[in-house]
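Peer 1: Below you'll find the structure I mean.
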Amino acid sequence: MNWYLSKIIFRIICGDGNHTPQFDEQLRLISARDEEEAFDKAISIGRREQDGFYNHEQQLVQWKFVNVAELYRLSGLLDGAEMYSRIQETDDPEAYIDHANRLAEHIRSSSTHKMLKLL
């Protein structure tokens, strides 16, 4: 068996869809004999994990499977190996950096909270 990294894309639609289009790009590990089986498994995951629920405003929120956009065979797992890279262009670099710093702080504080729960 081989390991593959797949990018499964879902479109998020809230209510009648009259909002800025949103897409959820999920990176998933897939175990398969070959690329064809890995692709089929990734599609199956995407179809199976389409979901919908009603938000606090009673609007239907849907995750609709779009497709498998990327598939990479992993030749080996190495500490620090690059798994994914995306170039992000922005008109406001300071806002982007601030957002990244807030995400990192959330990870740090959540990790600390989880450690405190274990004690």
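As shown in the structure tokens, the chain order sets the letters A, B, ...; within each chain, residues go from 1, and ligands are also counted from 1 in the order they appear.
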From the DSSP assignment of the backbone, select every residue of range 21-84 of chain A that is strand (DSSP E), and format the answer as a PyMOL selection string.

Peer 2: chain A and resi 22-32+51-54+60-74

Peer 1: Name all residues at most 9 Å from Gln26 in chain A (count only C-alpha atoms; drop same-chain ones fewer than 2 positions away) and give them as number ranges by chain.

Peer 2: A: 6-10, 24, 28

Peer 1: List every residue of chain A that DSSP, applied to the backbone, labels as alpha helix (DSSP H), and write the result as an MDAnalysis selection string.

Peer 2: chainID A and resid 35:48 93:118

Peer 1: Near Arg33 in chain A, within 9 Å and counting only C-alpha atoms, which residues show up once chain neighbours fewer than 3 positions away are dropped, as a list in words?

Peer 2: Met1, Asn2, Trp3, Glu36, Glu37 and Ala38 of chain A

Peer 1: The selected residues should be written to file as an mmCIF file, in the first residue's frame (atoms: N, CA, C and O atoms).

Peer 2:
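Result saved to selection.cif:
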```cif
data_model
loop_
_atom_site.group_PDB
_atom_site.id
_atom_site.type_symbol
_atom_site.label_atom_id
_atom_site.label_comp_id
_atom_site.auth_asym_id
_atom_site.auth_seq_id
_atom_site.Cartn_x
_atom_site.Cartn_y
_atom_site.Cartn_z
ATOM 1 N N MET A 1 0.845 -1.193 0.000
ATOM 2 C CA MET A 1 0.000 0.000 0.000
ATOM 3 C C MET A 1 0.880 1.242 0.000
ATOM 4 O O MET A 1 1.956 1.261 0.581
ATOM 5 N N ASN A 2 0.366 2.284 -0.614
ATOM 6 C CA ASN A 2 1.049 3.564 -0.683
ATOM 7 C C ASN A 2 0.187 4.613 0.009
ATOM 8 O O ASN A 2 -1.027 4.459 0.138
ATOM 9 N N TRP A 3 0.830 5.707 0.392
ATOM 10 C CA TRP A 3 0.108 6.834 0.982
ATOM 11 C C TRP A 3 0.059 7.964 -0.031
ATOM 12 O O TRP A 3 1.048 8.244 -0.708
ATOM 13 N N GLU A 36 -4.944 5.498 -9.119
ATOM 14 C CA GLU A 36 -6.349 5.382 -9.510
ATOM 15 C C GLU A 36 -7.230 5.040 -8.301
ATOM 16 O O GLU A 36 -8.281 5.645 -8.091
ATOM 17 N N GLU A 37 -6.776 4.082 -7.486
ATOM 18 C CA GLU A 37 -7.544 3.726 -6.297
ATOM 19 C C GLU A 37 -7.589 4.901 -5.312
ATOM 20 O O GLU A 37 -8.625 5.174 -4.706
ATOM 21 N N ALA A 38 -6.474 5.617 -5.166
ATOM 22 C CA ALA A 38 -6.425 6.768 -4.260
ATOM 23 C C ALA A 38 -7.409 7.847 -4.713
ATOM 24 O O ALA A 38 -8.130 8.430 -3.901
#
```

Peer 1: Taking only C-alpha atoms into account, name the residue in A:Asp92, A:Asp51, A:Glu35, A:Glu105 that is nearest to Ile13 in chain A.

Peer 2: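 Of A:Asp92, A:Asp51, A:Glu35, A:Glu105, the one nearest Ile13 in chain A is A:Asp51, counting only C-alpha atoms.
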
Peer 1: So that I can check the surroundings of range 74-83 of chain A, please list as JSON, numbers by chain every protein, DNA and RNA residue that reaches within 7 Å of it, counting only C-alpha atoms and ignoring chain neighbours fewer than 2 positions away.

Peer 2: {"A": [3, 4, 5, 72]}

Peer 1: Given only C-alpha atoms, how would the per-residue table for range 4-28 of chain A near range 53-57 of chain A read, listing every residue at most 12 Å away with its closest atom pair and distance in Å to one decimal, sorted by chain and number, as a tab-separated table?

Peer 2:
```
residue	atom	partner	partner_atom	distance
A:Ile12	CA	A:Phe53	CA	11.3
A:Ile13	CA	A:Phe53	CA	10.7
A:Cys14	CA	A:Asn55	CA	8.7
A:Gly15	CA	A:Tyr54	CA	8.9
```
